[in-house]
Structures are given as C-alpha cells and as structure tokens.
file entry08.pdb (PDB, C-alpha atoms)
ATOM      1  CA  VAL Z   1      -3.556  27.257 -33.586
ATOM      2  CA  LEU Z   2      -5.415  23.971 -32.998
ATOM      3  CA  ALA Z   3      -2.529  21.691 -34.029
ATOM      4  CA  PRO Z   4      -1.382  21.051 -30.408
ATOM      5  CA  VAL Z   5      -4.945  20.143 -29.402
ATOM      6  CA  HIS Z   6      -5.269  17.682 -32.284
ATOM      7  CA  ALA Z   7      -1.854  16.167 -31.509
ATOM      8  CA  ALA Z   8      -2.814  15.679 -27.845
ATOM      9  CA  ALA Z   9      -6.149  14.110 -28.835
ATOM     10  CA  ASP Z  10      -4.410  11.779 -31.301
ATOM     11  CA  ASP Z  11      -1.992  10.629 -28.567
ATOM     12  CA  LEU Z  12      -4.528  10.404 -25.739
ATOM     13  CA  ASP Z  13      -3.901   6.675 -25.257
ATOM     14  CA  ALA Z  14      -0.219   7.427 -24.582
ATOM     15  CA  TYR Z  15      -1.217   9.864 -21.846
ATOM     16  CA  ILE Z  16      -3.382   7.267 -20.091
ATOM     17  CA  ASP Z  17      -0.787   4.468 -20.231
ATOM     18  CA  PRO Z  18       1.654   4.957 -17.311
ATOM     19  CA  ARG Z  19       4.448   3.294 -19.309
ATOM     20  CA  LEU Z  20       4.175   5.969 -22.022
ATOM     21  CA  ALA Z  21       2.765   9.045 -20.290
ATOM     22  CA  PRO Z  22       4.932  12.143 -19.913
ATOM     23  CA  ALA Z  23       6.738  12.175 -16.558
ATOM     24  CA  ASP Z  24       4.892  15.257 -15.296
ATOM     25  CA  PHE Z  25       1.561  13.587 -16.108
ATOM     26  CA  LEU Z  26       2.210  10.504 -13.906
ATOM     27  CA  THR Z  27       1.260  12.268 -10.659
ATOM     28  CA  TRP Z  28      -2.044  13.397 -12.135
ATOM     29  CA  LEU Z  29      -2.680   9.931 -13.563
ATOM     30  CA  GLY Z  30      -1.914   8.359 -10.169
ATOM     31  CA  GLY Z  31      -4.375  10.783  -8.583
ATOM     32  CA  TRP Z  32      -7.152   9.199 -10.649
ATOM     33  CA  LEU Z  33      -6.364   5.949  -8.849
ATOM     34  CA  GLY Z  34      -6.201   7.487  -5.384
ATOM     35  CA  THR Z  35      -2.425   7.284  -5.034
ATOM     36  CA  SER Z  36       0.377   9.795  -5.169
ATOM     37  CA  GLY Z  37       3.509   7.640  -5.216
ATOM     38  CA  ASN Z  38       6.825   9.146  -4.243
ATOM     39  CA  GLN Z  39       8.275  11.951  -6.360
ATOM     40  CA  ARG Z  40      11.823  11.007  -5.253
ATOM     41  CA  TRP Z  41      11.608   7.573  -6.889
ATOM     42  CA  PRO Z  42      13.286   7.055 -10.262
ATOM     43  CA  LEU Z  43      10.928   7.584 -13.210
ATOM     44  CA  GLN Z  44      10.728   3.864 -14.064
ATOM     45  CA  ARG Z  45       9.684   2.939 -10.509
ATOM     46  CA  ARG Z  46       6.993   5.662 -10.553
ATOM     47  CA  ARG Z  47       5.686   4.299 -13.863
ATOM     48  CA  GLU Z  48       5.494   0.746 -12.458
ATOM     49  CA  PHE Z  49       3.804   2.029  -9.299
ATOM     50  CA  VAL Z  50       1.052   3.858 -11.210
ATOM     51  CA  ALA Z  51       0.622   0.905 -13.599
ATOM     52  CA  GLN Z  52      -0.026  -1.457 -10.662
ATOM     53  CA  ALA Z  53      -2.110   1.048  -8.674
ATOM     54  CA  GLY Z  54      -5.234   0.145 -10.663
ATOM     55  CA  ASP Z  55      -5.043  -3.458  -9.489
ATOM     56  CA  VAL Z  56      -4.448  -2.340  -5.896
ATOM     57  CA  TYR Z  57      -7.405   0.050  -6.142
ATOM     58  CA  ARG Z  58      -9.693  -2.838  -7.119
ATOM     59  CA  TRP Z  59      -8.820  -4.601  -3.850
ATOM     60  CA  ARG Z  60      -9.016  -1.419  -1.734
ATOM     61  CA  GLY Z  61     -10.466  -2.033   1.743
ATOM     62  CA  THR Z  62      -9.634  -5.755   1.818
ATOM     63  CA  ILE Z  63      -6.755  -7.629   3.428
ATOM     64  CA  GLU Z  64      -5.385  -8.339  -0.048
ATOM     65  CA  GLY Z  65      -5.586  -4.660  -0.984
ATOM     66  CA  ILE Z  66      -3.844  -3.524   2.183
ATOM     67  CA  ALA Z  67      -1.055  -6.072   1.698
ATOM     68  CA  ARG Z  68      -0.592  -5.147  -1.974
ATOM     69  CA  ALA Z  69      -0.520  -1.410  -1.239
ATOM     70  CA  VAL Z  70       2.120  -1.791   1.485
ATOM     71  CA  GLU Z  71       4.213  -4.131  -0.661
ATOM     72  CA  LEU Z  72       3.948  -1.941  -3.744
ATOM     73  CA  TYR Z  73       4.983   1.169  -1.847
ATOM     74  CA  THR Z  74       7.695  -0.302   0.424
ATOM     75  CA  GLY Z  75       8.895  -3.426  -1.407
ATOM     76  CA  HIS Z  76       8.257  -5.559   1.716
ATOM     77  CA  THR Z  77       5.523  -8.189   1.988
ATOM     78  CA  PRO Z  78       3.489  -7.638   5.161
ATOM     79  CA  GLU Z  79       1.446 -10.042   7.244
ATOM     80  CA  VAL Z  80      -2.087  -8.605   7.406
ATOM     81  CA  THR Z  81      -4.754  -9.944   9.754
ATOM     82  CA  ASP Z  82      -8.179  -8.631  10.588
ATOM     83  CA  SER Z  83     -10.784  -9.248  13.246
ATOM     84  CA  GLY Z  84     -13.108 -10.335  10.415
ATOM     85  CA  GLY Z  85     -16.095 -12.573  10.577
ATOM     86  CA  VAL Z  86     -19.765 -12.094  11.275
ATOM     87  CA  SER Z  87     -21.357 -12.261  14.705
ATOM     88  CA  ALA Z  88     -24.886 -13.058  15.775
ATOM     89  CA  SER Z  89     -26.698 -13.390  19.083
ATOM     90  CA  ASN Z  90     -29.373 -15.902  20.049
ATOM     91  CA  GLU Z  91     -31.206 -13.186  21.988
ATOM     92  CA  PRO Z  92     -32.763 -10.077  20.429
ATOM     93  CA  ASN Z  93     -30.580  -7.048  21.251
ATOM     94  CA  GLY Z  94     -28.172  -9.384  23.075
ATOM     95  CA  GLU Z  95     -24.429  -8.991  23.320
ATOM     96  CA  LEU Z  96     -22.478 -10.163  20.308
ATOM     97  CA  PRO Z  97     -19.600 -12.573  20.877
ATOM     98  CA  GLY Z  98     -16.021 -11.509  20.262
ATOM     99  CA  SER Z  99     -14.468  -8.074  20.365
ATOM    100  CA  ARG Z 100     -16.321  -4.916  19.429
ATOM    101  CA  GLY Z 101     -15.369  -3.193  16.235
ATOM    102  CA  ALA Z 102     -13.321  -4.181  13.264
ATOM    103  CA  ALA Z 103      -9.527  -3.988  13.380
ATOM    104  CA  VAL Z 104      -6.589  -4.679  11.070
ATOM    105  CA  LYS Z 105      -3.028  -5.492  12.096
ATOM    106  CA  VAL Z 106      -0.116  -5.108   9.674
ATOM    107  CA  VAL Z 107       3.242  -6.669  10.560
ATOM    108  CA  ILE Z 108       6.451  -6.344   8.554
ATOM    109  CA  ARG Z 109       9.455  -8.457   9.529
ATOM    110  CA  THR Z 110      12.612  -6.933   8.111
ATOM    111  CA  SER Z 111      16.145  -5.943   8.994
ATOM    112  CA  ASP Z 112      15.840  -2.953   6.640
ATOM    113  CA  THR Z 113      16.210   0.146   8.833
ATOM    114  CA  ALA Z 114      14.771   2.349   6.060
ATOM    115  CA  VAL Z 115      11.269   0.926   6.637
ATOM    116  CA  ASP Z 116       9.319   3.742   8.285
ATOM    117  CA  PRO Z 117       6.401   2.620  10.507
ATOM    118  CA  ASN Z 118       4.803   6.080  10.167
ATOM    119  CA  LEU Z 119       4.791   5.782   6.376
ATOM    120  CA  ILE Z 120       3.227   2.320   6.555
ATOM    121  CA  ASP Z 121       0.658   3.671   9.011
ATOM    122  CA  ARG Z 122      -0.349   6.367   6.481
ATOM    123  CA  ILE Z 123      -0.541   3.825   3.637
ATOM    124  CA  VAL Z 124      -2.790   1.518   5.679
ATOM    125  CA  ALA Z 125      -4.976   4.456   6.770
ATOM    126  CA  ASP Z 126      -5.474   5.391   3.106
ATOM    127  CA  VAL Z 127      -6.498   1.948   1.847
ATOM    128  CA  LYS Z 128      -8.501   0.451   4.734
ATOM    129  CA  PRO Z 129     -12.186   1.166   5.378
ATOM    130  CA  ALA Z 130     -12.548   4.389   7.379
ATOM    131  CA  HIS Z 131     -14.362   2.774  10.332
ATOM    132  CA  VAL Z 132     -11.728   0.077  10.868
ATOM    133  CA  ARG Z 133      -9.025   0.567  13.512
ATOM    134  CA  HIS Z 134      -5.518  -0.456  12.515
ATOM    135  CA  GLU Z 135      -2.150  -1.201  14.049
ATOM    136  CA  VAL Z 136       1.219  -1.289  12.296
ATOM    137  CA  GLN Z 137       4.205  -3.169  13.677
ATOM    138  CA  VAL Z 138       7.701  -3.361  12.185
ATOM    139  CA  ILE Z 139       9.727  -6.199  13.680
ATOM    140  CA  ARG Z 140      13.467  -6.063  13.186
ATOM    141  CA  PRO Z 141      15.489  -9.139  14.179
ATOM    142  CA  ARG Z 142      18.315  -8.420  16.547
ATOM    143  CA  ALA Z 143      21.643  -9.375  15.015
ATOM    144  CA  LYS Z 144      23.436  -9.689  18.371
ATOM    145  CA  LYS Z 145      21.041 -12.275  19.770
ATOM    146  CA  ALA Z 146      21.211 -14.279  16.556
ATOM    147  CA  ALA Z 147      25.020 -14.246  16.724
ATOM    148  CA  LYS Z 148      24.978 -15.362  20.373
ATOM    149  CA  GLY Z 149      22.612 -18.197  19.495
ATOM    150  CA  ALA Z 150      24.986 -19.323  16.739
ATOM    151  CA  LYS Z 151      27.925 -19.373  19.179
ATOM    152  CA  LYS Z 152      25.982 -21.455  21.697
ATOM    153  CA  ALA Z 153      25.043 -23.970  18.997
ATOM    154  CA  LYS Z 154      28.729 -24.623  18.269
TER     155      LYS Z 154
END

call {"tool": "encode", "arguments": {"input": "entry08.pdb", "output": "structure tokens"}}
result
Amino acid sequence: VLAPVHAAADDLDAYIDPRLAPADFLTWLGGWLGTSGNQRWPLQRRREFVAQAGDVYRWRGTIEGIARAVELYTGHTPEVTDSGGVSASNEPNGELPGSRGAAVKVVIRTSDTAVDPNLIDRIVADVKPAHVRHEVQVIRPRAKKAAKGAKKAK
C-alpha cells in the first residue's frame, strides 16, 4: 500500500528538477516560482522556461528582471527604461524635482507579427512592483518605406 509513497519520496529530486519532472507537474512547479508558462508550448520549451524562471524570479521588480521575463516568454529582447533615481528637496516639504511617481517603459523592436502587446503588458504587470506605472510599445519596421529608401539610394 505504501510502495507508491516511498517511490515518490525516493524520486523527490526528480520532481523538483524541471528537466526531469513529469510533464503534468511542470505547471505546479512553475507556480512555486510565480509563473505559469504557456501550456501550448512544446514540452522541452516549457521545461526550459520553468528552469530559468528561478533566475528571473530573483530579479523580479528590477529592470533586469522585467527584461529577462519578457525575453524568456516571447524570445525577443526588449529595451527597458525606468524613471529611476532618488529625489530630494532643499526645503522641508518642498516639491521634488522630476516627474511624480515611478514608471517603466518596455519597447520591443521586431518585424514578428506574432508579438502580442497585450501579452507583454500582462508579463510586465506581473513582474514589476505594483506601485509602478508601465507602458509597453511594440515597434514594427515598415517594409515598404525601407524598400523605397533602398531604391532612392541607387
């Protein structure tokens, strides 16, 4: 009766390693790291995603963490900027210089039409600090203008 329990306990390390864990266990394992992945991905890609999620989780809330999360999920390297910095005033209760509130901007330059700005928006919302505003921009180069520019150069 207890043989399955002992077998599972003996193989516990295989359950925790995303490269060895049973396929149906990957989603649960990813949940420990605050990520769900995409169930439509091939099994190997899901394993790699969960294996790297621990490193991304360590950087969660930072520019590096936001960039890694977007890249890991979409395969595209984003440009991430933030309002950053620390402000101080020379007068007690005086106005602080710069803009109010923290903000993050994520830009992806790609011709890939499969890149979904709404998906990237959700990824950024999940990994940034809750009080920080964010903006996502996907810039796709226009092929026609590039072709016209090439003709003019000749």

call {"tool": "closest_residue", "arguments": {"input": "entry08.pdb", "among": "Z:Ala114, Z:Ala102, Z:Ile63, Z:Val50", "to": "Ala23 of chain Z", "atoms": "only C-alpha atoms"}}
result
Z:Val50

call {"tool": "closest_atom_pairs", "arguments": {"input": "entry08.pdb", "of": "segment 16-70 of chain Z", "to": "segment 123-140 of chain Z", "cutoff": "12 Å", "atoms": "all atoms listed in the file", "output": "JSON lines"}}
result
{"residue": "Z:Leu33", "atom": "CA", "partner": "Z:Val127", "partner_atom": "CA", "distance": 11.4}
{"residue": "Z:Gly34", "atom": "CA", "partner": "Z:Asp126", "partner_atom": "CA", "distance": 8.8}
{"residue": "Z:Thr35", "atom": "CA", "partner": "Z:Asp126", "partner_atom": "CA", "distance": 8.9}
{"residue": "Z:Ser36", "atom": "CA", "partner": "Z:Ile123", "partner_atom": "CA", "distance": 10.7}
{"residue": "Z:Gly37", "atom": "CA", "partner": "Z:Ile123", "partner_atom": "CA", "distance": 10.5}
{"residue": "Z:Ala53", "atom": "CA", "partner": "Z:Val127", "partner_atom": "CA", "distance": 11.4}
{"residue": "Z:Val56", "atom": "CA", "partner": "Z:Val127", "partner_atom": "CA", "distance": 9.1}
{"residue": "Z:Tyr57", "atom": "CA", "partner": "Z:Val127", "partner_atom": "CA", "distance": 8.3}
{"residue": "Z:Arg58", "atom": "CA", "partner": "Z:Val127", "partner_atom": "CA", "distance": 10.7}
{"residue": "Z:Trp59", "atom": "CA", "partner": "Z:Val127", "partner_atom": "CA", "distance": 9.0}
{"residue": "Z:Arg60", "atom": "CA", "partner": "Z:Val127", "partner_atom": "CA", "distance": 5.5}
{"residue": "Z:Gly61", "atom": "CA", "partner": "Z:Lys128", "partner_atom": "CA", "distance": 4.4}
{"residue": "Z:Thr62", "atom": "CA", "partner": "Z:Lys128", "partner_atom": "CA", "distance": 6.9}
{"residue": "Z:Ile63", "atom": "CA", "partner": "Z:Lys128", "partner_atom": "CA", "distance": 8.4}
{"residue": "Z:Glu64", "atom": "CA", "partner": "Z:Lys128", "partner_atom": "CA", "distance": 10.5}
{"residue": "Z:Gly65", "atom": "CA", "partner": "Z:Val127", "partner_atom": "CA", "distance": 7.2}
{"residue": "Z:Ile66", "atom": "CA", "partner": "Z:Val127", "partner_atom": "CA", "distance": 6.1}
{"residue": "Z:Ala67", "atom": "CA", "partner": "Z:Val124", "partner_atom": "CA", "distance": 8.7}
{"residue": "Z:Arg68", "atom": "CA", "partner": "Z:Val127", "partner_atom": "CA", "distance": 10.0}
{"residue": "Z:Ala69", "atom": "CA", "partner": "Z:Ile123", "partner_atom": "CA", "distance": 7.2}
{"residue": "Z:Val70", "atom": "CA", "partner": "Z:Ile123", "partner_atom": "CA", "distance": 6.6}

call {"tool": "closest_residue", "arguments": {"input": "entry08.pdb", "among": "Z:Gly75, Z:Leu12, Z:Gly101, Z:Arg109", "to": "Arg142 of chain Z", "atoms": "all atoms listed in the file"}}
result
Z:Arg109

call {"tool": "atom_distance", "arguments": {"input": "entry08.pdb", "atom1": "atom CA of Thr77 of chain Z", "atom2": "atom CA of Val107 of chain Z"}}
result
9.0 Å

call {"tool": "resolve_selection", "arguments": {"input": "entry08.pdb", "expression": "the PyMOL selection byres ((chain Z and resi 83) around 6)", "output": "compact mmCIF listing (two decimals) with C-alpha atoms, keeping the file's coordinate frame"}}
result
# COMPACT_ATOMS: atom_id res chain seq x y z
CA ASP Z 82 -8.18 -8.63 10.59
CA GLY Z 84 -13.11 -10.34 10.42
CA ALA Z 102 -13.32 -4.18 13.26
CA ALA Z 103 -9.53 -3.99 13.38

call {"tool": "atom_distance", "arguments": {"input": "entry08.pdb", "atom1": "atom CA of Arg19 of chain Z", "atom2": "atom CA of Ala51 of chain Z"}}
result
7.3 Å

call {"tool": "atom_distance", "arguments": {"input": "entry08.pdb", "atom1": "atom CA of Gly54 of chain Z", "atom2": "atom CA of Thr110 of chain Z"}}
result
26.9 Å

call {"tool": "resolve_selection", "arguments": {"input": "entry08.pdb", "expression": "the PyMOL selection byres ((chain Z and resi 15-18) around 10)", "output": "ChimeraX atom specification"}}
result
/Z:8-9,11-14,19-23,25-27,29-30,44,46-52

call {"tool": "decode", "arguments": {"input": "entry08.pdb", "residues": "segment 2-150 of chain Z", "atoms": "C-alpha atoms", "output": "compact mmCIF listing (two decimals), in the first residue's frame"}}
result
# COMPACT_ATOMS: atom_id res chain seq x y z
CA LEU Z 2 2.81 2.45 0.85
CA ALA Z 3 5.08 1.48 -2.06
CA PRO Z 4 3.94 4.41 -4.28
CA VAL Z 5 4.57 6.86 -1.43
CA HIS Z 6 8.08 5.50 -0.86
CA ALA Z 7 8.82 5.58 -4.60
CA ALA Z 8 7.69 9.22 -4.83
CA ALA Z 9 9.79 10.16 -1.78
CA ASP Z 10 12.84 8.38 -3.24
CA ASP Z 11 12.45 10.33 -6.51
CA LEU Z 12 11.58 13.70 -4.97
CA ASP Z 13 14.64 15.37 -6.51
CA ALA Z 14 13.39 14.37 -9.98
CA TYR Z 15 10.07 16.07 -9.27
CA ILE Z 16 11.77 19.35 -8.31
CA ASP Z 17 14.12 19.44 -11.31
CA PRO Z 18 12.20 20.89 -14.30
CA ARG Z 19 14.36 18.88 -16.72
CA LEU Z 20 13.21 15.61 -15.12
CA ALA Z 21 9.80 16.34 -13.61
CA PRO Z 22 6.71 14.69 -15.06
CA ALA Z 23 5.04 16.90 -17.67
CA ASP Z 24 1.87 17.39 -15.62
CA PHE Z 25 3.97 18.51 -12.65
CA LEU Z 26 5.69 21.38 -14.54
CA THR Z 27 2.74 23.77 -14.17
CA TRP Z 28 2.64 23.21 -10.42
CA LEU Z 29 6.42 23.60 -10.19
CA GLY Z 30 6.24 26.84 -12.20
CA GLY Z 31 3.56 28.08 -9.80
CA TRP Z 32 6.11 27.91 -6.98
CA LEU Z 33 8.14 30.46 -8.93
CA GLY Z 34 5.21 32.74 -9.71
CA THR Z 35 4.94 31.81 -13.38
CA SER Z 36 2.55 29.73 -15.41
CA GLY Z 37 4.25 29.46 -18.80
CA ASN Z 38 2.22 28.54 -21.84
CA GLN Z 39 0.56 25.13 -22.00
CA ARG Z 40 0.64 25.22 -25.83
CA TRP Z 41 4.44 25.26 -25.93
CA PRO Z 42 6.29 22.02 -26.67
CA LEU Z 43 7.31 20.12 -23.53
CA GLN Z 44 11.02 20.94 -23.92
CA ARG Z 45 10.34 24.69 -24.14
CA ARG Z 46 8.14 24.50 -21.01
CA ARG Z 47 10.93 22.68 -19.17
CA GLU Z 48 13.48 25.35 -20.16
CA PHE Z 49 11.06 28.11 -19.18
CA VAL Z 50 10.49 26.72 -15.67
CA ALA Z 51 14.23 26.01 -15.25
CA GLN Z 52 15.07 29.67 -15.98
CA ALA Z 53 12.10 31.08 -14.04
CA GLY Z 54 14.04 30.83 -10.76
CA ASP Z 55 16.71 33.19 -12.06
CA VAL Z 56 14.06 35.60 -13.37
CA TYR Z 57 12.27 35.46 -10.01
CA ARG Z 58 15.45 36.57 -8.23
CA TRP Z 59 15.49 39.75 -10.34
CA ARG Z 60 11.73 40.35 -10.05
CA GLY Z 61 10.83 44.05 -9.80
CA THR Z 62 14.05 45.31 -11.41
CA ILE Z 63 14.78 46.42 -14.96
CA GLU Z 64 16.86 43.27 -15.43
CA GLY Z 65 14.02 41.09 -14.18
CA ILE Z 66 11.46 42.73 -16.44
CA ALA Z 67 13.73 42.36 -19.47
CA ARG Z 68 14.51 38.71 -18.68
CA ALA Z 69 10.85 37.83 -18.13
CA VAL Z 70 9.77 39.38 -21.44
CA GLU Z 71 12.65 37.76 -23.31
CA LEU Z 72 12.10 34.36 -21.73
CA TYR Z 73 8.40 34.38 -22.54
CA THR Z 74 8.49 35.96 -26.03
CA GLY Z 75 12.00 35.23 -27.33
CA HIS Z 76 12.55 38.95 -28.07
CA THR Z 77 14.98 41.17 -26.17
CA PRO Z 78 13.23 44.35 -25.03
CA GLU Z 79 14.60 47.79 -24.22
CA VAL Z 80 13.51 48.58 -20.65
CA THR Z 81 13.86 52.03 -19.10
CA ASP Z 82 12.58 53.40 -15.84
CA SER Z 83 12.14 56.80 -14.28
CA GLY Z 84 14.55 55.63 -11.56
CA GLY Z 85 16.70 57.69 -9.30
CA VAL Z 86 16.24 59.37 -5.96
CA SER Z 87 14.98 62.90 -5.46
CA ALA Z 88 15.48 65.35 -2.63
CA SER Z 89 14.43 68.92 -1.93
CA ASN Z 90 16.44 71.66 -0.25
CA GLU Z 91 13.30 72.87 1.52
CA PRO Z 92 11.34 70.85 4.09
CA ASN Z 93 8.11 69.59 2.49
CA GLY Z 94 9.19 71.23 -0.79
CA GLU Z 95 8.45 69.99 -4.27
CA LEU Z 96 10.69 67.22 -5.51
CA PRO Z 97 12.36 67.66 -8.89
CA GLY Z 98 11.42 65.48 -11.83
CA SER Z 99 8.19 63.67 -12.56
CA ARG Z 100 5.94 62.26 -9.87
CA GLY Z 101 5.76 58.53 -9.50
CA ALA Z 102 7.81 55.69 -10.80
CA ALA Z 103 7.30 54.40 -14.34
CA VAL Z 104 8.72 51.69 -16.60
CA LYS Z 105 8.71 51.65 -20.39
CA VAL Z 106 9.23 48.43 -22.35
CA VAL Z 107 9.97 48.64 -26.08
CA ILE Z 108 10.33 45.70 -28.46
CA ARG Z 109 11.55 46.33 -32.00
CA THR Z 110 10.59 43.42 -34.22
CA SER Z 111 9.04 42.56 -37.56
CA ASP Z 112 7.45 39.48 -35.96
CA THR Z 113 3.68 39.98 -36.23
CA ALA Z 114 3.07 37.25 -33.63
CA VAL Z 115 4.34 39.52 -30.83
CA ASP Z 116 1.25 40.47 -28.85
CA PRO Z 117 1.48 43.82 -26.98
CA ASN Z 118 -1.33 42.71 -24.63
CA LEU Z 119 0.63 39.61 -23.63
CA ILE Z 120 3.75 41.68 -22.98
CA ASP Z 121 1.65 44.12 -20.97
CA ARG Z 122 0.45 41.24 -18.73
CA ILE Z 123 4.00 39.90 -18.32
CA VAL Z 124 5.32 43.33 -17.29
CA ALA Z 125 2.38 43.85 -14.90
CA ASP Z 126 3.22 40.54 -13.21
CA VAL Z 127 6.93 41.19 -12.66
CA LYS Z 128 7.13 44.93 -11.92
CA PRO Z 129 6.48 46.47 -8.50
CA ALA Z 130 2.74 47.01 -8.00
CA HIS Z 131 3.00 50.79 -7.48
CA VAL Z 132 4.96 51.41 -10.69
CA ARG Z 133 3.14 52.53 -13.84
CA HIS Z 134 4.23 50.87 -17.07
CA GLU Z 135 3.95 51.31 -20.81
CA VAL Z 136 4.55 48.68 -23.49
CA GLN Z 137 5.38 49.57 -27.08
CA VAL Z 138 5.96 47.17 -29.98
CA ILE Z 139 7.66 48.87 -32.91
CA ARG Z 140 7.48 47.10 -36.24
CA PRO Z 141 9.62 48.46 -39.08
CA ARG Z 142 7.70 49.21 -42.23
CA ALA Z 143 8.98 47.14 -45.12
CA LYS Z 144 7.63 49.50 -47.80
CA LYS Z 145 9.49 52.54 -46.52
CA ALA Z 146 12.70 50.54 -46.23
CA ALA Z 147 12.30 49.36 -49.83
CA LYS Z 148 11.67 52.92 -51.05
CA GLY Z 149 14.77 54.11 -49.21
CA ALA Z 150 16.82 51.40 -50.92
